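Content type TSV, C-alpha atoms, from the file input.tsv:
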```
chain	number	residue	atom	x	y	z
A	19	MET	CA	98.94	85.28	87.98
A	20	PRO	CA	98.78	88.95	89.03
A	21	LEU	CA	100.37	91.49	86.72
A	22	ILE	CA	103.11	93.20	88.75
A	23	ALA	CA	105.12	96.24	87.67
A	24	VAL	CA	108.23	97.70	89.26
A	25	TYR	CA	108.97	101.43	89.14
A	26	PRO	CA	112.65	101.81	90.11
A	27	GLY	CA	114.51	104.96	91.02
A	28	THR	CA	116.37	106.87	93.69
A	29	PHE	CA	113.43	109.17	94.45
A	30	ASP	CA	115.73	111.76	96.02
A	31	PRO	CA	113.15	113.14	96.83
A	32	ILE	CA	109.91	111.83	95.37
A	33	THR	CA	108.23	114.56	93.31
A	34	LYS	CA	104.68	115.12	92.14
A	35	GLY	CA	105.86	113.78	88.76
A	36	HIS	CA	106.91	110.49	90.37
A	37	GLU	CA	103.64	110.30	92.28
A	38	ASP	CA	101.67	110.89	89.10
A	39	LEU	CA	103.42	107.99	87.34
A	40	ILE	CA	103.04	105.67	90.34
A	41	ILE	CA	99.32	106.33	90.65
A	42	ARG	CA	98.72	106.02	86.92
A	43	ALA	CA	100.61	102.72	86.88
A	44	ALA	CA	98.57	101.51	89.87
A	45	HIS	CA	95.46	101.83	87.68
A	46	LEU	CA	97.05	99.63	85.01
A	47	PHE	CA	98.50	96.79	87.08
A	48	ASP	CA	97.41	94.51	89.89
A	49	LYS	CA	100.40	95.67	91.91
A	50	VAL	CA	103.08	98.34	91.55
A	51	ILE	CA	106.32	98.06	93.48
A	52	VAL	CA	108.19	101.32	93.94
A	53	ALA	CA	111.77	100.08	94.14
A	54	VAL	CA	114.08	102.56	95.81
A	55	ALA	CA	117.73	102.12	94.92
A	56	ALA	CA	119.83	101.80	98.07
A	57	ASN	CA	123.27	101.73	96.47
A	58	THR	CA	123.60	104.14	93.65
A	59	ILE	CA	126.35	106.06	91.90
A	60	LYS	CA	124.13	109.13	92.20
A	61	ALA	CA	125.06	109.53	95.91
A	62	PRO	CA	121.60	110.53	97.15
A	63	THR	CA	121.12	113.60	99.31
A	64	TYR	CA	118.60	111.89	101.57
A	65	PRO	CA	119.19	108.59	103.38
A	66	LEU	CA	117.40	105.47	102.19
A	67	ASP	CA	115.03	105.18	105.16
A	68	PHE	CA	113.99	108.82	104.74
A	69	ARG	CA	113.30	108.35	101.02
A	70	LEU	CA	111.27	105.20	101.72
A	71	ASP	CA	109.23	107.07	104.33
A	72	LEU	CA	108.58	110.00	101.95
A	73	ILE	CA	107.21	107.64	99.32
A	74	GLN	CA	105.10	105.65	101.77
A	75	GLN	CA	103.60	108.85	103.17
A	76	SER	CA	102.92	110.20	99.67
A	77	ILE	CA	101.01	107.19	98.37
A	78	GLN	CA	99.59	105.71	101.57
A	79	SER	CA	95.99	105.65	100.33
A	80	HIS	CA	96.75	103.27	97.45
A	81	ARG	CA	96.52	99.62	98.52
A	82	ASN	CA	98.08	98.02	95.44
A	83	ILE	CA	101.37	99.91	95.79
A	84	GLU	CA	104.32	98.49	97.72
A	85	VAL	CA	107.45	100.47	98.55
A	86	CYS	CA	110.75	98.72	99.18
A	87	ALA	CA	114.48	99.15	98.79
A	88	PHE	CA	116.83	97.14	96.64
A	89	SER	CA	120.61	97.09	96.48
A	90	HIS	CA	121.36	94.56	93.79
A	91	LEU	CA	120.71	94.15	90.08
A	92	LEU	CA	117.25	95.43	89.19
A	93	ILE	CA	116.49	92.37	87.07
A	94	ASP	CA	117.25	90.07	90.02
A	95	PHE	CA	114.98	92.17	92.25
A	96	ILE	CA	112.18	91.96	89.67
A	97	HIS	CA	112.49	88.19	89.48
A	98	GLU	CA	112.45	87.94	93.29
A	99	LYS	CA	109.22	89.94	93.35
A	100	LYS	CA	107.72	87.85	90.51
A	101	ALA	CA	107.12	91.01	88.50
A	102	GLN	CA	106.90	91.14	84.73
A	103	ILE	CA	107.23	94.83	83.88
A	104	ILE	CA	109.58	97.74	84.50
A	105	ILE	CA	107.94	101.16	84.48
A	106	ARG	CA	110.04	104.08	83.33
A	107	GLY	CA	108.95	107.68	83.02
A	108	LEU	CA	109.79	109.94	80.12
A	109	ARG	CA	109.71	113.71	80.58
A	110	ALA	CA	111.28	114.77	77.30
A	111	VAL	CA	112.96	113.42	74.20
A	112	ALA	CA	116.31	113.82	75.99
A	113	ASP	CA	115.27	111.11	78.48
A	114	PHE	CA	114.49	108.62	75.74
A	115	GLU	CA	118.04	107.79	74.62
A	116	TYR	CA	119.22	106.87	78.11
A	117	GLU	CA	116.00	105.00	78.94
A	118	PHE	CA	116.08	103.14	75.63
A	119	GLN	CA	119.65	101.99	76.39
A	120	LEU	CA	118.59	100.78	79.85
A	121	ALA	CA	115.59	98.96	78.40
A	122	GLY	CA	117.83	97.24	75.85
A	123	MET	CA	120.28	96.08	78.49
A	124	ASN	CA	117.49	94.85	80.75
A	125	ARG	CA	115.98	92.93	77.81
A	126	HIS	CA	119.41	91.40	77.16
A	127	LEU	CA	119.74	90.34	80.81
A	128	ALA	CA	116.13	89.17	81.17
A	129	PRO	CA	114.14	88.67	77.95
A	130	ASP	CA	111.09	87.75	80.05
A	131	ILE	CA	110.84	91.28	81.51
A	132	GLU	CA	109.22	94.09	79.52
A	133	THR	CA	109.90	97.81	79.93
A	134	LEU	CA	106.92	100.12	79.65
A	135	PHE	CA	107.47	103.84	79.15
A	136	LEU	CA	104.89	106.25	80.55
A	137	SER	CA	105.08	109.84	79.47
A	138	THR	CA	104.94	112.36	82.24
A	139	SER	CA	101.83	114.47	82.58
A	140	GLU	CA	102.39	117.88	80.98
A	141	GLN	CA	102.34	119.81	84.26
A	142	TYR	CA	105.30	117.74	85.55
A	143	ALA	CA	107.42	117.58	82.40
A	144	TYR	CA	109.96	120.04	83.82
A	145	VAL	CA	110.12	118.52	87.33
A	146	SER	CA	113.07	116.38	88.38
A	147	SER	CA	114.44	115.41	91.78
A	148	SER	CA	117.76	117.11	91.01
A	149	LEU	CA	116.02	120.41	90.18
A	150	VAL	CA	113.86	120.14	93.31
A	151	ARG	CA	116.98	119.55	95.46
A	152	GLU	CA	118.81	122.49	93.84
A	153	ILE	CA	115.88	124.88	94.24
A	154	TYR	CA	115.48	123.87	97.87
A	155	ARG	CA	119.24	124.17	98.53
A	156	LEU	CA	119.07	127.75	97.26
A	157	ASN	CA	116.08	128.53	99.51
A	158	GLY	CA	113.54	128.42	96.69
A	159	ASP	CA	109.95	127.31	97.08
A	160	ILE	CA	109.40	123.65	96.14
A	161	SER	CA	105.95	123.34	97.70
A	162	SER	CA	104.23	123.06	94.30
A	163	LEU	CA	106.67	120.38	93.12
A	164	VAL	CA	106.30	117.83	95.92
A	165	ASN	CA	103.50	116.41	98.03
A	166	PRO	CA	102.72	118.60	101.10
A	167	ILE	CA	103.81	115.74	103.37
A	168	VAL	CA	107.14	115.50	101.52
A	169	TYR	CA	107.59	119.25	101.77
A	170	GLN	CA	107.01	119.23	105.54
A	171	LYS	CA	109.35	116.28	106.11
A	172	ILE	CA	112.13	117.83	103.99
A	173	GLN	CA	111.83	121.04	105.98
A	174	LYS	CA	112.09	119.13	109.28
A	175	TYR	CA	115.01	117.05	107.96
A	176	SER	CA	116.92	120.21	107.00
A	177	GLN	CA	116.60	121.86	110.42
```
Starting from the file, lay out its structure as structure tokens.
Amino acid sequence: MPLIAVYPGTFDPITKGHEDLIIRAAHLFDKVIVAVAANTIKAPTYPLDFRLDLIQQSIQSHRNIEVCAFSHLLIDFIHEKKAQIIIRGLRAVADFEYEFQLAGMNRHLAPDIETLFLSTSEQYAYVSSSLVREIYRLNGDISSLVNPIVYQKIQKYSQ
């Protein structure tokens, strides 16, 4: 049976930090599913289809990565996809408490699913989607924080 991991998030927008984790995970597993949350309390800035497109364009050269949306309980989505692992990224110690709580709840709901934490590469430890959105909103340069394709598409979207 192939080892399948799911990397869930809103990816609003996908950053170089996200890309780094996705690609690193793709080297560890037979398949990585980037699961983009459709319904979220975070109220994403960018529409779901746009976020899906940004991710697909960013990682198009990797054949063992699938990108899809989900709008129900993550554990149910993981079971539907016959995955065994949830990938979560950690940038700093501050992320750990929240992520640890999520991992515990997911283990409670589905003891057959493991959560694997990957630490962010040092050069992306300060990068988050919310900071990227805020910098861009204030006319700052985000070109070093996102894939060039993402940067171009965000610029076109904003016009």
So how far away is atom CA of A:Pro129 from atom CA of A:Ala44, in Å?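 The value is 23.4 Å.
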From the options A:Phe68, A:Tyr116, A:Phe47, A:Tyr175, which residue's atoms come nearest to A:Asp30, counting all atoms listed in the file?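 So, comparing all the options, the nearest one is A:Phe68.
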Close residues, A:Leu127 itself excluded, 12 Å, only C-alpha atoms, min 2 positions apart in chain, as a PyMOL selection string: chain A and resi 91-94+96-97+120-125+129-132
Taking 5 positions as the minimum chain separation for residues in the same chain, which residues sit within 7 Å of stretch 103-112 of chain A when counting all atoms listed in the file? Answer as a ChimeraX atom specification. /A:22-25,131-138,143
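Counting from atom CA of A:Val164, the distance to atom CA of A:Phe114 is 23.6 Å.
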If you measure from atom CA of A:Ala101 to atom CA of A:Leu39, what distance in Å do you get, rounded to one decimal? 17.4 Å
Skip A:Asn82 itself and residues of its chain fewer than 2 positions away, then list as a PDB file with C-alpha atoms, in the frame of the given file all residues within 9 Å of it, counting all atoms listed in the file.
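selection_11.pdb written:
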```pdb
ATOM      1  CA  ALA A  44      98.570 101.510  89.870  1.00  0.00           C
ATOM      2  CA  PHE A  47      98.500  96.790  87.080  1.00  0.00           C
ATOM      3  CA  ASP A  48      97.410  94.510  89.890  1.00  0.00           C
ATOM      4  CA  LYS A  49     100.400  95.670  91.910  1.00  0.00           C
ATOM      5  CA  VAL A  50     103.080  98.340  91.550  1.00  0.00           C
ATOM      6  CA  ILE A  51     106.320  98.060  93.480  1.00  0.00           C
ATOM      7  CA  HIS A  80      96.750 103.270  97.450  1.00  0.00           C
ATOM      8  CA  GLU A  84     104.320  98.490  97.720  1.00  0.00           C
TER       9      GLU A  84
END
```
Is it possible to add N, CA and C atoms to stretch 136-162 of chain A and hand it back as a PDB file, keeping the file's coordinate frame?
```
ATOM      1  N   LEU A 136     106.046 105.377  80.359  1.00  0.00           N
ATOM      2  CA  LEU A 136     104.890 106.250  80.550  1.00  0.00           C
ATOM      3  C   LEU A 136     105.372 107.686  80.410  1.00  0.00           C
ATOM      4  N   SER A 137     104.698 108.440  79.600  1.00  0.00           N
ATOM      5  CA  SER A 137     105.080 109.840  79.470  1.00  0.00           C
ATOM      6  C   SER A 137     104.533 110.617  80.662  1.00  0.00           C
ATOM      7  N   THR A 138     105.308 111.538  81.112  1.00  0.00           N
ATOM      8  CA  THR A 138     104.940 112.360  82.240  1.00  0.00           C
ATOM      9  C   THR A 138     103.785 113.270  81.865  1.00  0.00           C
ATOM     10  N   SER A 139     102.897 113.504  82.811  1.00  0.00           N
ATOM     11  CA  SER A 139     101.830 114.470  82.580  1.00  0.00           C
ATOM     12  C   SER A 139     102.460 115.841  82.318  1.00  0.00           C
ATOM     13  N   GLU A 140     101.827 116.611  81.451  1.00  0.00           N
ATOM     14  CA  GLU A 140     102.390 117.880  80.980  1.00  0.00           C
ATOM     15  C   GLU A 140     102.835 118.805  82.126  1.00  0.00           C
ATOM     16  N   GLN A 141     102.024 118.871  83.175  1.00  0.00           N
ATOM     17  CA  GLN A 141     102.340 119.810  84.260  1.00  0.00           C
ATOM     18  C   GLN A 141     103.588 119.415  85.048  1.00  0.00           C
ATOM     19  N   TYR A 142     104.104 118.186  84.828  1.00  0.00           N
ATOM     20  CA  TYR A 142     105.300 117.740  85.550  1.00  0.00           C
ATOM     21  C   TYR A 142     106.497 117.498  84.623  1.00  0.00           C
ATOM     22  N   ALA A 143     106.371 117.866  83.375  1.00  0.00           N
ATOM     23  CA  ALA A 143     107.420 117.580  82.400  1.00  0.00           C
ATOM     24  C   ALA A 143     108.755 118.251  82.740  1.00  0.00           C
ATOM     25  N   TYR A 144     108.740 119.307  83.480  1.00  0.00           N
ATOM     26  CA  TYR A 144     109.960 120.040  83.820  1.00  0.00           C
ATOM     27  C   TYR A 144     110.483 119.685  85.223  1.00  0.00           C
ATOM     28  N   VAL A 145     109.779 118.830  85.937  1.00  0.00           N
ATOM     29  CA  VAL A 145     110.120 118.520  87.330  1.00  0.00           C
ATOM     30  C   VAL A 145     111.062 117.320  87.400  1.00  0.00           C
ATOM     31  N   SER A 146     112.161 117.490  88.105  1.00  0.00           N
ATOM     32  CA  SER A 146     113.070 116.380  88.380  1.00  0.00           C
ATOM     33  C   SER A 146     113.549 116.504  89.823  1.00  0.00           C
ATOM     34  N   SER A 147     113.938 115.391  90.398  1.00  0.00           N
ATOM     35  CA  SER A 147     114.440 115.410  91.780  1.00  0.00           C
ATOM     36  C   SER A 147     115.654 116.324  91.904  1.00  0.00           C
ATOM     37  N   SER A 148     116.545 116.284  90.919  1.00  0.00           N
ATOM     38  CA  SER A 148     117.760 117.110  91.010  1.00  0.00           C
ATOM     39  C   SER A 148     117.411 118.601  90.986  1.00  0.00           C
ATOM     40  N   LEU A 149     116.434 118.998  90.180  1.00  0.00           N
ATOM     41  CA  LEU A 149     116.020 120.410  90.180  1.00  0.00           C
ATOM     42  C   LEU A 149     115.352 120.778  91.495  1.00  0.00           C
ATOM     43  N   VAL A 150     114.525 119.885  92.024  1.00  0.00           N
ATOM     44  CA  VAL A 150     113.860 120.140  93.310  1.00  0.00           C
ATOM     45  C   VAL A 150     114.918 120.316  94.405  1.00  0.00           C
ATOM     46  N   ARG A 151     115.912 119.437  94.443  1.00  0.00           N
ATOM     47  CA  ARG A 151     116.980 119.550  95.460  1.00  0.00           C
ATOM     48  C   ARG A 151     117.730 120.870  95.312  1.00  0.00           C
ATOM     49  N   GLU A 152     118.048 121.253  94.079  1.00  0.00           N
ATOM     50  CA  GLU A 152     118.810 122.490  93.840  1.00  0.00           C
ATOM     51  C   GLU A 152     118.001 123.724  94.231  1.00  0.00           C
ATOM     52  N   ILE A 153     116.738 123.745  93.868  1.00  0.00           N
ATOM     53  CA  ILE A 153     115.880 124.880  94.240  1.00  0.00           C
ATOM     54  C   ILE A 153     115.800 124.988  95.755  1.00  0.00           C
ATOM     55  N   TYR A 154     115.595 123.866  96.414  1.00  0.00           N
ATOM     56  CA  TYR A 154     115.480 123.870  97.870  1.00  0.00           C
ATOM     57  C   TYR A 154     116.802 124.313  98.520  1.00  0.00           C
ATOM     58  N   ARG A 155     117.912 123.812  97.996  1.00  0.00           N
ATOM     59  CA  ARG A 155     119.240 124.170  98.530  1.00  0.00           C
ATOM     60  C   ARG A 155     119.476 125.670  98.466  1.00  0.00           C
ATOM     61  N   LEU A 156     118.900 126.302  97.439  1.00  0.00           N
ATOM     62  CA  LEU A 156     119.070 127.750  97.260  1.00  0.00           C
ATOM     63  C   LEU A 156     117.907 128.543  97.857  1.00  0.00           C
ATOM     64  N   ASN A 157     117.191 127.905  98.776  1.00  0.00           N
ATOM     65  CA  ASN A 157     116.080 128.530  99.510  1.00  0.00           C
ATOM     66  C   ASN A 157     114.891 128.912  98.629  1.00  0.00           C
ATOM     67  N   GLY A 158     114.711 128.189  97.532  1.00  0.00           N
ATOM     68  CA  GLY A 158     113.540 128.420  96.690  1.00  0.00           C
ATOM     69  C   GLY A 158     112.345 127.614  97.181  1.00  0.00           C
ATOM     70  N   ASP A 159     111.189 127.952  96.671  1.00  0.00           N
ATOM     71  CA  ASP A 159     109.950 127.310  97.080  1.00  0.00           C
ATOM     72  C   ASP A 159     109.674 126.075  96.222  1.00  0.00           C
ATOM     73  N   ILE A 160     109.681 124.896  96.858  1.00  0.00           N
ATOM     74  CA  ILE A 160     109.400 123.650  96.140  1.00  0.00           C
ATOM     75  C   ILE A 160     108.029 123.088  96.482  1.00  0.00           C
ATOM     76  N   SER A 161     107.230 123.851  97.202  1.00  0.00           N
ATOM     77  CA  SER A 161     105.950 123.340  97.700  1.00  0.00           C
ATOM     78  C   SER A 161     105.003 122.905  96.583  1.00  0.00           C
ATOM     79  N   SER A 162     105.112 123.473  95.408  1.00  0.00           N
ATOM     80  CA  SER A 162     104.230 123.060  94.300  1.00  0.00           C
ATOM     81  C   SER A 162     104.792 121.872  93.531  1.00  0.00           C
TER      82      SER A 162
END
```
